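Chemist: protein.pdb is the file, holding PDB, C-alpha atoms:
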```pdb
ATOM      1  CA  MET A 857     -33.835  38.962  -5.347
ATOM      2  CA  ASP A 858     -31.219  36.784  -3.660
ATOM      3  CA  GLN A 859     -28.220  38.229  -5.492
ATOM      4  CA  LEU A 860     -25.778  35.490  -4.460
ATOM      5  CA  THR A 861     -28.153  32.787  -5.727
ATOM      6  CA  ALA A 862     -28.618  34.793  -8.915
ATOM      7  CA  ILE A 863     -24.870  35.125  -9.433
ATOM      8  CA  ARG A 864     -24.341  31.399  -8.919
ATOM      9  CA  GLY A 865     -27.212  30.586 -11.271
ATOM     10  CA  PHE A 866     -25.901  32.938 -13.956
ATOM     11  CA  ALA A 867     -22.388  31.513 -13.598
ATOM     12  CA  ARG A 868     -23.660  27.948 -14.087
ATOM     13  CA  VAL A 869     -25.492  28.983 -17.275
ATOM     14  CA  VAL A 870     -22.270  30.503 -18.618
ATOM     15  CA  GLU A 871     -20.269  27.392 -17.722
ATOM     16  CA  ALA A 872     -22.855  24.881 -18.939
ATOM     17  CA  GLY A 873     -23.757  26.762 -22.106
ATOM     18  CA  SER A 874     -27.481  26.163 -21.616
ATOM     19  CA  PHE A 875     -30.231  26.839 -19.104
ATOM     20  CA  THR A 876     -31.327  23.206 -19.132
ATOM     21  CA  ARG A 877     -27.938  21.747 -18.171
ATOM     22  CA  ALA A 878     -27.353  24.515 -15.628
ATOM     23  CA  ALA A 879     -30.776  23.987 -14.024
ATOM     24  CA  ASP A 880     -30.173  20.228 -13.814
ATOM     25  CA  SER A 881     -26.819  20.755 -12.094
ATOM     26  CA  LEU A 882     -28.429  23.141  -9.583
ATOM     27  CA  ASP A 883     -31.452  20.879  -8.981
ATOM     28  CA  MET A 884     -33.939  23.608  -9.831
ATOM     29  CA  PRO A 885     -36.614  24.005 -12.524
ATOM     30  CA  ASN A 886     -35.502  25.560 -15.799
ATOM     31  CA  ALA A 887     -38.173  28.268 -15.498
ATOM     32  CA  THR A 888     -36.952  29.214 -12.014
ATOM     33  CA  LEU A 889     -33.375  29.630 -13.189
ATOM     34  CA  SER A 890     -34.488  31.670 -16.204
ATOM     35  CA  LYS A 891     -36.487  33.994 -13.931
ATOM     36  CA  ILE A 892     -33.518  34.372 -11.551
ATOM     37  CA  VAL A 893     -31.213  35.435 -14.402
ATOM     38  CA  GLN A 894     -33.839  37.811 -15.806
ATOM     39  CA  ASP A 895     -34.168  39.438 -12.386
ATOM     40  CA  LEU A 896     -30.381  39.796 -12.204
ATOM     41  CA  GLU A 897     -30.317  41.462 -15.633
ATOM     42  CA  ALA A 898     -33.107  43.826 -14.565
ATOM     43  CA  HIS A 899     -31.213  44.652 -11.365
ATOM     44  CA  LEU A 900     -28.028  45.444 -13.301
ATOM     45  CA  GLY A 901     -29.788  47.125 -16.206
ATOM     46  CA  VAL A 902     -27.749  45.190 -18.810
ATOM     47  CA  ARG A 903     -28.240  42.148 -20.984
ATOM     48  CA  LEU A 904     -25.970  39.351 -19.736
ATOM     49  CA  LEU A 905     -27.082  36.570 -22.087
ATOM     50  CA  GLN A 906     -28.432  36.348 -25.608
ATOM     51  CA  ARG A 907     -31.054  33.615 -25.840
ATOM     52  CA  THR A 908     -32.273  31.815 -28.938
ATOM     53  CA  THR A 909     -34.259  28.598 -29.292
ATOM     54  CA  ARG A 910     -31.027  26.666 -29.888
ATOM     55  CA  ARG A 911     -28.310  28.262 -27.814
ATOM     56  CA  VAL A 912     -27.296  30.750 -25.167
ATOM     57  CA  THR A 913     -24.378  33.111 -25.742
ATOM     58  CA  VAL A 914     -22.740  35.482 -23.295
ATOM     59  CA  THR A 915     -22.737  39.188 -24.107
ATOM     60  CA  PRO A 916     -19.520  41.221 -23.600
ATOM     61  CA  GLU A 917     -21.123  42.736 -20.497
ATOM     62  CA  GLY A 918     -22.100  39.260 -19.332
ATOM     63  CA  ARG A 919     -18.555  37.975 -19.754
ATOM     64  CA  GLU A 920     -17.145  40.877 -17.737
ATOM     65  CA  TYR A 921     -19.749  40.418 -14.997
ATOM     66  CA  TYR A 922     -19.110  36.658 -14.879
ATOM     67  CA  GLU A 923     -15.353  37.101 -14.409
ATOM     68  CA  LYS A 924     -15.781  39.671 -11.641
ATOM     69  CA  ALA A 925     -18.663  37.958  -9.865
ATOM     70  CA  LEU A 926     -16.931  34.597  -9.965
ATOM     71  CA  ARG A 927     -14.144  35.974  -7.801
ATOM     72  CA  ILE A 928     -16.739  36.817  -5.129
ATOM     73  CA  VAL A 929     -18.200  33.302  -5.269
ATOM     74  CA  ARG A 930     -14.733  31.764  -4.975
ATOM     75  CA  ASP A 931     -13.854  33.974  -2.023
ATOM     76  CA  LEU A 932     -17.033  32.858  -0.269
ATOM     77  CA  GLU A 933     -16.262  29.215  -1.030
ATOM     78  CA  ASP A 934     -12.754  29.721   0.371
ATOM     79  CA  ILE A 935     -14.243  31.080   3.590
ATOM     80  CA  ASP A 936     -16.708  28.189   3.875
ATOM     81  CA  GLY A 937     -14.000  25.692   2.987
ATOM     82  CA  SER A 938     -11.596  27.026   5.594
ATOM     83  CA  PHE A 939     -14.190  26.489   8.330
ATOM     84  CA  ASN A 940     -14.917  22.973   7.086
ATOM     85  CA  ALA A 941     -11.193  22.236   7.008
ATOM     86  CA  VAL A 942     -10.741  23.458  10.574
ATOM     87  CA  GLN A 943     -13.603  21.268  11.712
ATOM     88  CA  GLY A 944     -12.159  18.364   9.745
ATOM     89  CA  LYS A 945     -15.551  17.463   8.330
ATOM     90  CA  PRO A 946     -15.677  17.908   4.555
ATOM     91  CA  LYS A 947     -19.203  17.490   3.284
ATOM     92  CA  GLY A 948     -21.269  17.851   0.162
ATOM     93  CA  HIS A 949     -21.606  16.346  -3.278
ATOM     94  CA  LEU A 950     -18.818  15.133  -5.599
ATOM     95  CA  ARG A 951     -19.392  14.340  -9.273
ATOM     96  CA  ILE A 952     -16.628  12.097 -10.629
ATOM     97  CA  ASP A 953     -16.225  10.856 -14.191
ATOM     98  CA  VAL A 954     -14.205   7.672 -14.692
ATOM     99  CA  GLY A 955     -13.603   5.110 -17.443
ATOM    100  CA  GLY A 956     -15.503   1.821 -17.452
ATOM    101  CA  SER A 957     -12.874  -0.703 -16.375
ATOM    102  CA  THR A 958     -11.168   1.788 -14.039
ATOM    103  CA  ALA A 959     -14.500   2.251 -12.279
ATOM    104  CA  SER A 960     -15.466  -1.415 -12.019
ATOM    105  CA  ASP A 961     -12.011  -2.905 -11.323
ATOM    106  CA  VAL A 962     -10.201  -0.163  -9.400
ATOM    107  CA  LEU A 963     -12.198   2.730  -7.969
ATOM    108  CA  ILE A 964     -15.542   1.295  -6.907
ATOM    109  CA  PRO A 965     -14.032  -1.732  -5.088
ATOM    110  CA  ALA A 966     -11.853   0.675  -3.073
ATOM    111  CA  ILE A 967     -14.264   3.559  -2.494
ATOM    112  CA  SER A 968     -15.862   2.197   0.701
ATOM    113  CA  ASP A 969     -12.687   3.201   2.561
ATOM    114  CA  PHE A 970     -13.128   6.818   1.453
ATOM    115  CA  LEU A 971     -16.838   6.865   2.308
ATOM    116  CA  THR A 972     -16.101   5.449   5.751
ATOM    117  CA  ARG A 973     -13.551   8.199   6.399
ATOM    118  CA  TYR A 974     -15.823  10.953   5.070
ATOM    119  CA  PRO A 975     -19.436   9.954   5.760
ATOM    120  CA  ASP A 976     -20.808  13.417   4.923
ATOM    121  CA  ILE A 977     -19.593  13.317   1.310
ATOM    122  CA  ARG A 978     -21.978  12.007  -1.353
ATOM    123  CA  ILE A 979     -20.556  10.748  -4.665
ATOM    124  CA  ASP A 980     -22.088  10.423  -8.134
ATOM    125  CA  PHE A 981     -20.048   8.390 -10.623
ATOM    126  CA  GLY A 982     -20.333   9.076 -14.323
ATOM    127  CA  VAL A 983     -18.947   5.891 -15.879
ATOM    128  CA  SER A 984     -17.950   6.119 -19.532
ATOM    129  CA  ASP A 985     -14.844   6.015 -21.686
ATOM    130  CA  ARG A 986     -16.093   9.050 -23.594
ATOM    131  CA  PRO A 987     -14.432  12.389 -22.800
ATOM    132  CA  VAL A 988     -16.520  14.905 -20.895
ATOM    133  CA  ASN A 989     -16.425  18.669 -20.610
ATOM    134  CA  LEU A 990     -15.794  19.235 -16.925
ATOM    135  CA  ILE A 991     -17.331  22.712 -16.961
ATOM    136  CA  SER A 992     -20.468  22.231 -19.044
ATOM    137  CA  ASP A 993     -21.145  18.770 -17.607
ATOM    138  CA  ASN A 994     -20.634  20.072 -14.049
ATOM    139  CA  VAL A 995     -18.062  17.413 -13.159
ATOM    140  CA  ASP A 996     -15.712  17.985 -10.233
ATOM    141  CA  CYS A 997     -12.934  15.741 -11.532
ATOM    142  CA  VAL A 998     -12.138  13.081 -14.106
ATOM    143  CA  ILE A 999      -9.932  10.009 -13.737
ATOM    144  CA  ARG A1000      -8.249   9.048 -16.983
ATOM    145  CA  GLY A1001      -5.227   7.227 -18.316
ATOM    146  CA  GLY A1002      -2.775   8.409 -20.940
ATOM    147  CA  PRO A1003      -1.040  11.642 -21.894
ATOM    148  CA  LEU A1004      -2.776  14.957 -21.253
ATOM    149  CA  ASP A1005      -2.863  17.763 -23.793
ATOM    150  CA  ASP A1006      -5.469  20.196 -22.454
ATOM    151  CA  SER A1007      -3.700  23.155 -20.856
ATOM    152  CA  SER A1008      -6.977  24.419 -19.338
ATOM    153  CA  LEU A1009      -6.971  21.497 -16.902
ATOM    154  CA  VAL A1010      -4.991  20.711 -13.781
ATOM    155  CA  ALA A1011      -3.737  17.126 -13.526
ATOM    156  CA  ARG A1012      -2.238  15.147 -10.694
ATOM    157  CA  GLN A1013      -0.800  11.711 -11.348
ATOM    158  CA  ILE A1014      -2.339   9.031  -9.143
ATOM    159  CA  GLY A1015      -0.402   6.005 -10.369
ATOM    160  CA  THR A1016       0.519   3.856 -13.350
ATOM    161  CA  ALA A1017      -0.868   0.647 -14.824
ATOM    162  CA  ASP A1018       0.889  -2.052 -16.814
ATOM    163  CA  LEU A1019      -0.400  -2.658 -20.331
ATOM    164  CA  ILE A1020      -0.316  -6.330 -21.311
ATOM    165  CA  THR A1021      -1.045  -8.339 -24.464
ATOM    166  CA  CYS A1022      -3.219 -11.421 -24.053
ATOM    167  CA  ALA A1023      -5.644 -13.881 -25.627
ATOM    168  CA  THR A1024      -7.638 -16.973 -24.672
ATOM    169  CA  PRO A1025      -5.978 -20.420 -24.667
ATOM    170  CA  GLY A1026      -8.464 -21.485 -27.365
ATOM    171  CA  TYR A1027      -7.431 -18.641 -29.647
ATOM    172  CA  LEU A1028      -3.732 -19.401 -29.181
ATOM    173  CA  LYS A1029      -4.309 -23.097 -29.868
ATOM    174  CA  GLN A1030      -6.033 -22.231 -33.128
ATOM    175  CA  PHE A1031      -3.777 -19.432 -34.392
ATOM    176  CA  GLY A1032      -0.510 -20.016 -32.538
ATOM    177  CA  THR A1033       1.351 -17.980 -29.935
ATOM    178  CA  PRO A1034       3.371 -15.124 -31.440
ATOM    179  CA  ALA A1035       6.964 -14.842 -30.242
ATOM    180  CA  TYR A1036       7.613 -11.366 -31.699
ATOM    181  CA  PRO A1037       5.342  -8.328 -32.135
ATOM    182  CA  ASN A1038       5.684  -8.341 -35.943
ATOM    183  CA  GLU A1039       4.068 -11.780 -36.023
ATOM    184  CA  LEU A1040       0.772 -10.060 -35.222
ATOM    185  CA  LYS A1041       0.741  -8.959 -38.855
ATOM    186  CA  ASN A1042       0.716 -12.558 -40.085
ATOM    187  CA  GLY A1043      -2.830 -13.821 -39.876
ATOM    188  CA  HIS A1044      -3.582 -12.945 -36.264
ATOM    189  CA  LYS A1045      -6.933 -11.475 -35.244
ATOM    190  CA  LEU A1046      -6.690  -8.275 -33.229
ATOM    191  CA  VAL A1047      -9.345  -6.726 -31.005
ATOM    192  CA  SER A1048      -8.566  -3.024 -31.018
ATOM    193  CA  TYR A1049      -9.564  -0.402 -28.497
ATOM    194  CA  LEU A1050     -11.181   2.474 -30.385
ATOM    195  CA  SER A1051     -10.838   6.061 -29.241
ATOM    196  CA  PRO A1052     -14.235   7.130 -27.844
ATOM    197  CA  GLN A1053     -13.399  10.620 -29.089
ATOM    198  CA  ASN A1054     -12.652   9.983 -32.767
ATOM    199  CA  GLY A1055     -13.225   6.265 -33.366
ATOM    200  CA  ARG A1056      -9.633   5.560 -34.374
ATOM    201  CA  ALA A1057      -7.989   2.328 -33.272
ATOM    202  CA  PHE A1058      -5.133   2.648 -30.818
ATOM    203  CA  PRO A1059      -2.036   0.831 -32.116
ATOM    204  CA  PHE A1060      -0.593  -2.120 -30.235
ATOM    205  CA  ARG A1061       2.527  -0.791 -28.478
ATOM    206  CA  PHE A1062       5.611  -2.743 -27.501
ATOM    207  CA  GLU A1063       8.993  -1.937 -26.001
ATOM    208  CA  ARG A1064      12.109  -3.971 -25.288
ATOM    209  CA  ASP A1065      15.554  -2.738 -24.242
ATOM    210  CA  GLY A1066      14.499   0.830 -25.031
ATOM    211  CA  GLU A1067      13.324  -0.036 -28.562
ATOM    212  CA  LYS A1068       9.703   0.903 -29.182
ATOM    213  CA  THR A1069       7.440  -0.742 -31.763
ATOM    214  CA  GLU A1070       3.883   0.035 -32.838
ATOM    215  CA  ILE A1071       1.741  -2.461 -34.713
ATOM    216  CA  LYS A1072      -1.001  -0.963 -36.855
ATOM    217  CA  VAL A1073      -3.014  -3.567 -38.735
ATOM    218  CA  GLU A1074      -6.669  -3.864 -39.646
ATOM    219  CA  HIS A1075      -8.468  -5.189 -36.618
ATOM    220  CA  ARG A1076     -11.008  -7.972 -36.574
ATOM    221  CA  VAL A1077     -13.146  -6.278 -33.931
ATOM    222  CA  GLY A1078     -13.023  -2.733 -32.574
ATOM    223  CA  VAL A1079     -14.547  -1.678 -29.242
ATOM    224  CA  ASN A1080     -14.721   1.808 -27.705
ATOM    225  CA  GLU A1081     -15.538   0.809 -24.105
ATOM    226  CA  SER A1082     -12.994  -0.861 -21.848
ATOM    227  CA  ASN A1083     -15.185  -3.503 -20.186
ATOM    228  CA  ALA A1084     -16.617  -4.603 -23.527
ATOM    229  CA  HIS A1085     -13.091  -4.606 -24.973
ATOM    230  CA  LEU A1086     -12.008  -7.168 -22.388
ATOM    231  CA  ALA A1087     -15.222  -9.144 -22.928
ATOM    232  CA  ALA A1088     -14.331  -9.460 -26.616
ATOM    233  CA  ALA A1089     -10.997 -10.998 -25.653
ATOM    234  CA  LEU A1090     -12.657 -13.428 -23.248
ATOM    235  CA  ALA A1091     -15.023 -14.443 -26.043
ATOM    236  CA  GLY A1092     -11.993 -15.578 -28.062
ATOM    237  CA  LEU A1093     -12.379 -12.935 -30.750
ATOM    238  CA  GLY A1094      -8.666 -12.160 -30.863
ATOM    239  CA  ILE A1095      -5.635 -10.654 -29.176
ATOM    240  CA  VAL A1096      -6.007  -7.531 -27.028
ATOM    241  CA  GLN A1097      -3.858  -5.079 -25.163
ATOM    242  CA  THR A1098      -5.414  -4.136 -21.861
ATOM    243  CA  PHE A1099      -4.450  -3.220 -18.305
ATOM    244  CA  THR A1100      -3.339  -5.751 -15.722
ATOM    245  CA  TYR A1101      -5.985  -4.563 -13.272
ATOM    246  CA  ALA A1102      -8.698  -5.391 -15.822
ATOM    247  CA  ALA A1103      -7.287  -8.718 -17.011
ATOM    248  CA  GLY A1104      -5.963  -9.877 -13.620
ATOM    249  CA  PRO A1105      -8.807 -12.237 -12.609
ATOM    250  CA  ALA A1106      -8.923 -13.808 -16.088
ATOM    251  CA  LEU A1107      -5.151 -14.317 -16.063
ATOM    252  CA  GLN A1108      -5.293 -15.960 -12.629
ATOM    253  CA  SER A1109      -8.098 -18.302 -13.694
ATOM    254  CA  GLY A1110      -6.429 -19.174 -16.973
ATOM    255  CA  ALA A1111      -9.229 -17.680 -19.079
ATOM    256  CA  LEU A1112      -6.593 -15.384 -20.637
ATOM    257  CA  VAL A1113      -2.890 -15.931 -21.237
ATOM    258  CA  GLU A1114      -0.344 -13.131 -21.434
ATOM    259  CA  ILE A1115       1.822 -13.177 -24.552
ATOM    260  CA  LEU A1116       4.812 -11.114 -25.671
ATOM    261  CA  LYS A1117       5.653 -10.357 -22.040
ATOM    262  CA  PRO A1118       9.275  -9.283 -22.787
ATOM    263  CA  TRP A1119       7.800  -6.521 -24.968
ATOM    264  CA  ARG A1120       5.531  -4.917 -22.389
ATOM    265  CA  PRO A1121       5.406  -1.141 -23.039
ATOM    266  CA  GLN A1122       6.185   1.429 -20.385
ATOM    267  CA  PRO A1123       3.580   1.689 -17.592
ATOM    268  CA  TYR A1124       0.604   3.875 -18.501
ATOM    269  CA  PRO A1125       0.104   6.997 -16.327
ATOM    270  CA  PHE A1126      -3.254   7.725 -14.724
ATOM    271  CA  HIS A1127      -4.308  11.194 -13.583
ATOM    272  CA  VAL A1128      -7.082  12.911 -11.723
ATOM    273  CA  VAL A1129      -8.015  16.018 -13.697
ATOM    274  CA  TYR A1130     -10.028  19.102 -12.769
ATOM    275  CA  PRO A1131     -10.550  22.618 -14.228
ATOM    276  CA  HIS A1132      -7.951  25.193 -13.213
ATOM    277  CA  ASN A1133     -10.594  27.927 -13.009
ATOM    278  CA  ARG A1134     -12.817  26.081 -10.564
ATOM    279  CA  HIS A1135     -12.428  26.331  -6.814
ATOM    280  CA  VAL A1136     -10.983  23.159  -5.274
ATOM    281  CA  THR A1137     -13.344  22.464  -2.407
ATOM    282  CA  HIS A1138     -12.287  20.742   0.783
ATOM    283  CA  ARG A1139     -14.215  17.609  -0.250
ATOM    284  CA  LEU A1140     -12.469  17.477  -3.636
ATOM    285  CA  ARG A1141      -9.070  18.058  -2.048
ATOM    286  CA  VAL A1142      -9.457  15.168   0.405
ATOM    287  CA  PHE A1143     -10.725  12.934  -2.402
ATOM    288  CA  ILE A1144      -7.688  13.698  -4.571
ATOM    289  CA  ASP A1145      -5.350  13.082  -1.634
ATOM    290  CA  TRP A1146      -7.099   9.778  -0.989
ATOM    291  CA  LEU A1147      -6.703   8.763  -4.642
ATOM    292  CA  VAL A1148      -2.968   9.493  -4.607
ATOM    293  CA  ALA A1149      -2.515   7.470  -1.417
ATOM    294  CA  ASN A1150      -4.674   4.486  -2.338
ATOM    295  CA  LEU A1151      -4.993   4.014  -6.110
ATOM    296  CA  PRO A1152      -1.399   3.152  -7.154
ATOM    297  CA  ALA A1153      -1.607  -0.373  -5.718
ATOM    298  CA  GLN A1154      -5.034  -1.044  -7.265
ATOM    299  CA  LEU A1155      -3.901   0.172 -10.686
ATOM    300  CA  LYS A1156      -1.093  -2.387 -10.642
ATOM    301  CA  GLY A1157      -3.729  -5.122 -10.496
TER     302      GLY A1157
END
```
I'd like the structure from this file rewritten - as structure tokens, please.
Modeler:
Amino acid sequence: MDQLTAIRGFARVVEAGSFTRAADSLDMPNATLSKIVQDLEAHLGVRLLQRTTRRVTVTPEGREYYEKALRIVRDLEDIDGSFNAVQGKPKGHLRIDVGGSTASDVLIPAISDFLTRYPDIRIDFGVSDRPVNLISDNVDCVIRGGPLDDSSLVARQIGTADLITCATPGYLKQFGTPAYPNELKNGHKLVSYLSPQNGRAFPFRFERDGEKTEIKVEHRVGVNESNAHLAAALAGLGIVQTFTYAAGPALQSGALVEILKPWRPQPYPFHVVYPHNRHVTHRLRVFIDWLVANLPAQLKG
């Protein structure tokens, strides 16, 4: 038995909550991973996991072994990482989760610079506005906008984006151009961005001279993905609030027109987020540093 491989395999099962997801993240057959963990249990003489047809749970002994063994794995990763850092050649695989419009309008257009600097790093993008579990989904980091309320995560701000209100010229010709936020309540059609987590519509937010206003009215159309949200605006379905980096080309071409500009809300913070209990590899560290140095300008649109 390769005990280090067994420890890593067992740890991934604990983190992923299933053999299938853990095996996928390790690029090995499910049966192979199951046999590795069984051999580890036989070697230790204790049951580490309770298996049923629907779920895997960690035994008290398994939890204790995981916490102790994980320290060994991290120490080994620190040793490997220190040699990579000295050589200046970070390498390996990064899994990055990012929202739809942030991926298409900000990150992917800029990422060739990073790949040129670090040719031995391979990147997989998971593109979705839906929240992910960084541990169970085996994601190295997530790029998201908005406030953060999960204390189990480490966040580093990488920039801010302006949130603007806009509509097509055709819509404004038909329904009029509002001069004040409260006018949105009077017959205007709103295209709301829906939370991918709970389906609730985000209110339209405005601020002027320190006075904040939120408009909550029944929307005409609701969309829970950022690229489709902008597409609904371009189709003339109503007024939207979106980021300047997403709407920039349409504003420049005249396909969209910004309205209520004096009431722009405060810039929206964007963060790169990763689990506090996961080792920060050299490749992840250089990626985060690159984000902080390069993304602020792109987020401004």
Chemist: With the PyMOL selection byres ((chain A and resi 974) around 12) as the selection, what would be picked from this file? Answer as a count of residues only, please.
Modeler: 25
Chemist: Taking only C-alpha atoms into account, name the residue in A:Thr913, A:Pro885, A:Tyr922, A:Ile999 that is nearest to Val962 in chain A.
Modeler: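 Of the candidates, the smallest distance to Val962 in chain A is held by A:Ile999.
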Chemist: Which residues are near Ala925 in chain A? Cut-off 9 Å, only C-alpha atoms, ignore same chain within fewer than 6 positions. Put them as a PDB file with C-alpha atoms, keeping the file's coordinate frame.
Modeler:
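Output (out_25.pdb):
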```pdb
ATOM      1  CA  ILE A 863     -24.870  35.125  -9.433  1.00  0.00           C
ATOM      2  CA  ARG A 864     -24.341  31.399  -8.919  1.00  0.00           C
ATOM      3  CA  ALA A 867     -22.388  31.513 -13.598  1.00  0.00           C
TER       4      ALA A 867
END
```
Chemist: Nearest to Arg986 in chain A among A:Leu1050, A:Leu1112, A:Gln894, A:Asn886, with distances taken over only C-alpha atoms: which residue is it?
Modeler: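 Result for the nearest residue to Arg986 in chain A: A:Leu1050.
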Chemist: Please identify all polymer residues within 9 Å of Gly1094 in chain A, counting only C-alpha atoms, omitting same-chain residues fewer than 2 positions from it, and present them as a ChimeraX atom specification.
Modeler: /A:1022-1024,1027-1028,1044-1047,1076-1077,1088-1092,1096
Chemist: What is the CA of Asn1080 in chain A to CA of Pro1052 in chain A distance in Å?
Modeler: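 Going from CA of Asn1080 in chain A over to CA of Pro1052 in chain A, I get 5.3 Å.
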Chemist: Once the PyMOL selection byres ((chain A and resi 1120) around 8) has been applied to the shown file, what residues remain in the selection, as a list in words?
Modeler: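 Taken on the displayed file, the PyMOL selection byres ((chain A and resi 1120) around 8) yields the residues Asp1018, Leu1019, Ile1020, Thr1021, Arg1061, Phe1062, Glu1063, Arg1064, Leu1116, Lys1117, Pro1118, Trp1119, Pro1121 and Gln1122 of chain A.
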Chemist: Could you pull the residues within 8 Å of Pro1034 in chain A, counting only C-alpha atoms, minus those fewer than 4 positions along the same chain, as a ChimeraX atom specification?
Modeler: /A:1039-1040,1115-1116
Chemist: What residues come out when you apply the PyMOL selection byres ((chain A and resi 1101) around 8) to this file, written as a PyMOL selection string?
Modeler: chain A and resi 961-962+1017+1099-1100+1102-1104+1154-1157
Chemist: Smallest atom-to-atom distance to Leu1086 in chain A: which of A:Ser874, A:Thr861, A:Gln906, A:Thr1098, using all atoms listed in the file?
Modeler: A:Thr1098
Chemist: Which residues come within 12 Å of Gln1013 in chain A, counting all atoms listed in the file, excluding same-chain residues fewer than 6 positions away, as a ChimeraX atom specification?
Modeler: /A:998-1004,1124-1130,1144-1145,1147-1149,1151-1152,1155
Chemist: What would the file look like if the residues just selected were written as a PDB file, keeping the file's coordinate frame with C-alpha atoms?
Modeler:
```pdb
ATOM      1  CA  VAL A 998     -12.138  13.081 -14.106  1.00  0.00           C
ATOM      2  CA  ILE A 999      -9.932  10.009 -13.737  1.00  0.00           C
ATOM      3  CA  ARG A1000      -8.249   9.048 -16.983  1.00  0.00           C
ATOM      4  CA  GLY A1001      -5.227   7.227 -18.316  1.00  0.00           C
ATOM      5  CA  GLY A1002      -2.775   8.409 -20.940  1.00  0.00           C
ATOM      6  CA  PRO A1003      -1.040  11.642 -21.894  1.00  0.00           C
ATOM      7  CA  LEU A1004      -2.776  14.957 -21.253  1.00  0.00           C
ATOM      8  CA  TYR A1124       0.604   3.875 -18.501  1.00  0.00           C
ATOM      9  CA  PRO A1125       0.104   6.997 -16.327  1.00  0.00           C
ATOM     10  CA  PHE A1126      -3.254   7.725 -14.724  1.00  0.00           C
ATOM     11  CA  HIS A1127      -4.308  11.194 -13.583  1.00  0.00           C
ATOM     12  CA  VAL A1128      -7.082  12.911 -11.723  1.00  0.00           C
ATOM     13  CA  VAL A1129      -8.015  16.018 -13.697  1.00  0.00           C
ATOM     14  CA  TYR A1130     -10.028  19.102 -12.769  1.00  0.00           C
ATOM     15  CA  ILE A1144      -7.688  13.698  -4.571  1.00  0.00           C
ATOM     16  CA  ASP A1145      -5.350  13.082  -1.634  1.00  0.00           C
ATOM     17  CA  LEU A1147      -6.703   8.763  -4.642  1.00  0.00           C
ATOM     18  CA  VAL A1148      -2.968   9.493  -4.607  1.00  0.00           C
ATOM     19  CA  ALA A1149      -2.515   7.470  -1.417  1.00  0.00           C
ATOM     20  CA  LEU A1151      -4.993   4.014  -6.110  1.00  0.00           C
ATOM     21  CA  PRO A1152      -1.399   3.152  -7.154  1.00  0.00           C
ATOM     22  CA  LEU A1155      -3.901   0.172 -10.686  1.00  0.00           C
TER      23      LEU A1155
END
```
Chemist: When distances are computed from all atoms listed in the file, which of A:Ile892, A:Leu932, A:Val870, A:Ala959 shows the smallest separation from Val914 in chain A?
Modeler: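 For Val914 in chain A, the nearest of the given residues is A:Val870.
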Chemist: Just the number, please: distance in Å from CA of Ala1111 in chain A to CA of Lys1041 in chain A, one decimal.
Modeler: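 Computed distance, CA of Ala1111 in chain A to CA of Lys1041 in chain A, equals 23.8 Å.
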Chemist: Report, in Å with one decimal, the straight-line distance from CA of Ser960 in chain A to CA of Ala1084 in chain A.
Modeler: 12.0 Å
Chemist: Write out as a ChimeraX atom specification the residues lying within 7 Å of Gly955 in chain A, counting all atoms listed in the file and excluding same-chain residues fewer than 6 positions away.
Modeler: /A:983-985,1000
Chemist: Which one is closest to Phe1031 in chain A: A:Leu882, A:Leu1093, A:Val912, A:Cys997? Count all atoms listed in the file.
Modeler: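 For Phe1031 in chain A, the nearest of the given residues is A:Leu1093.
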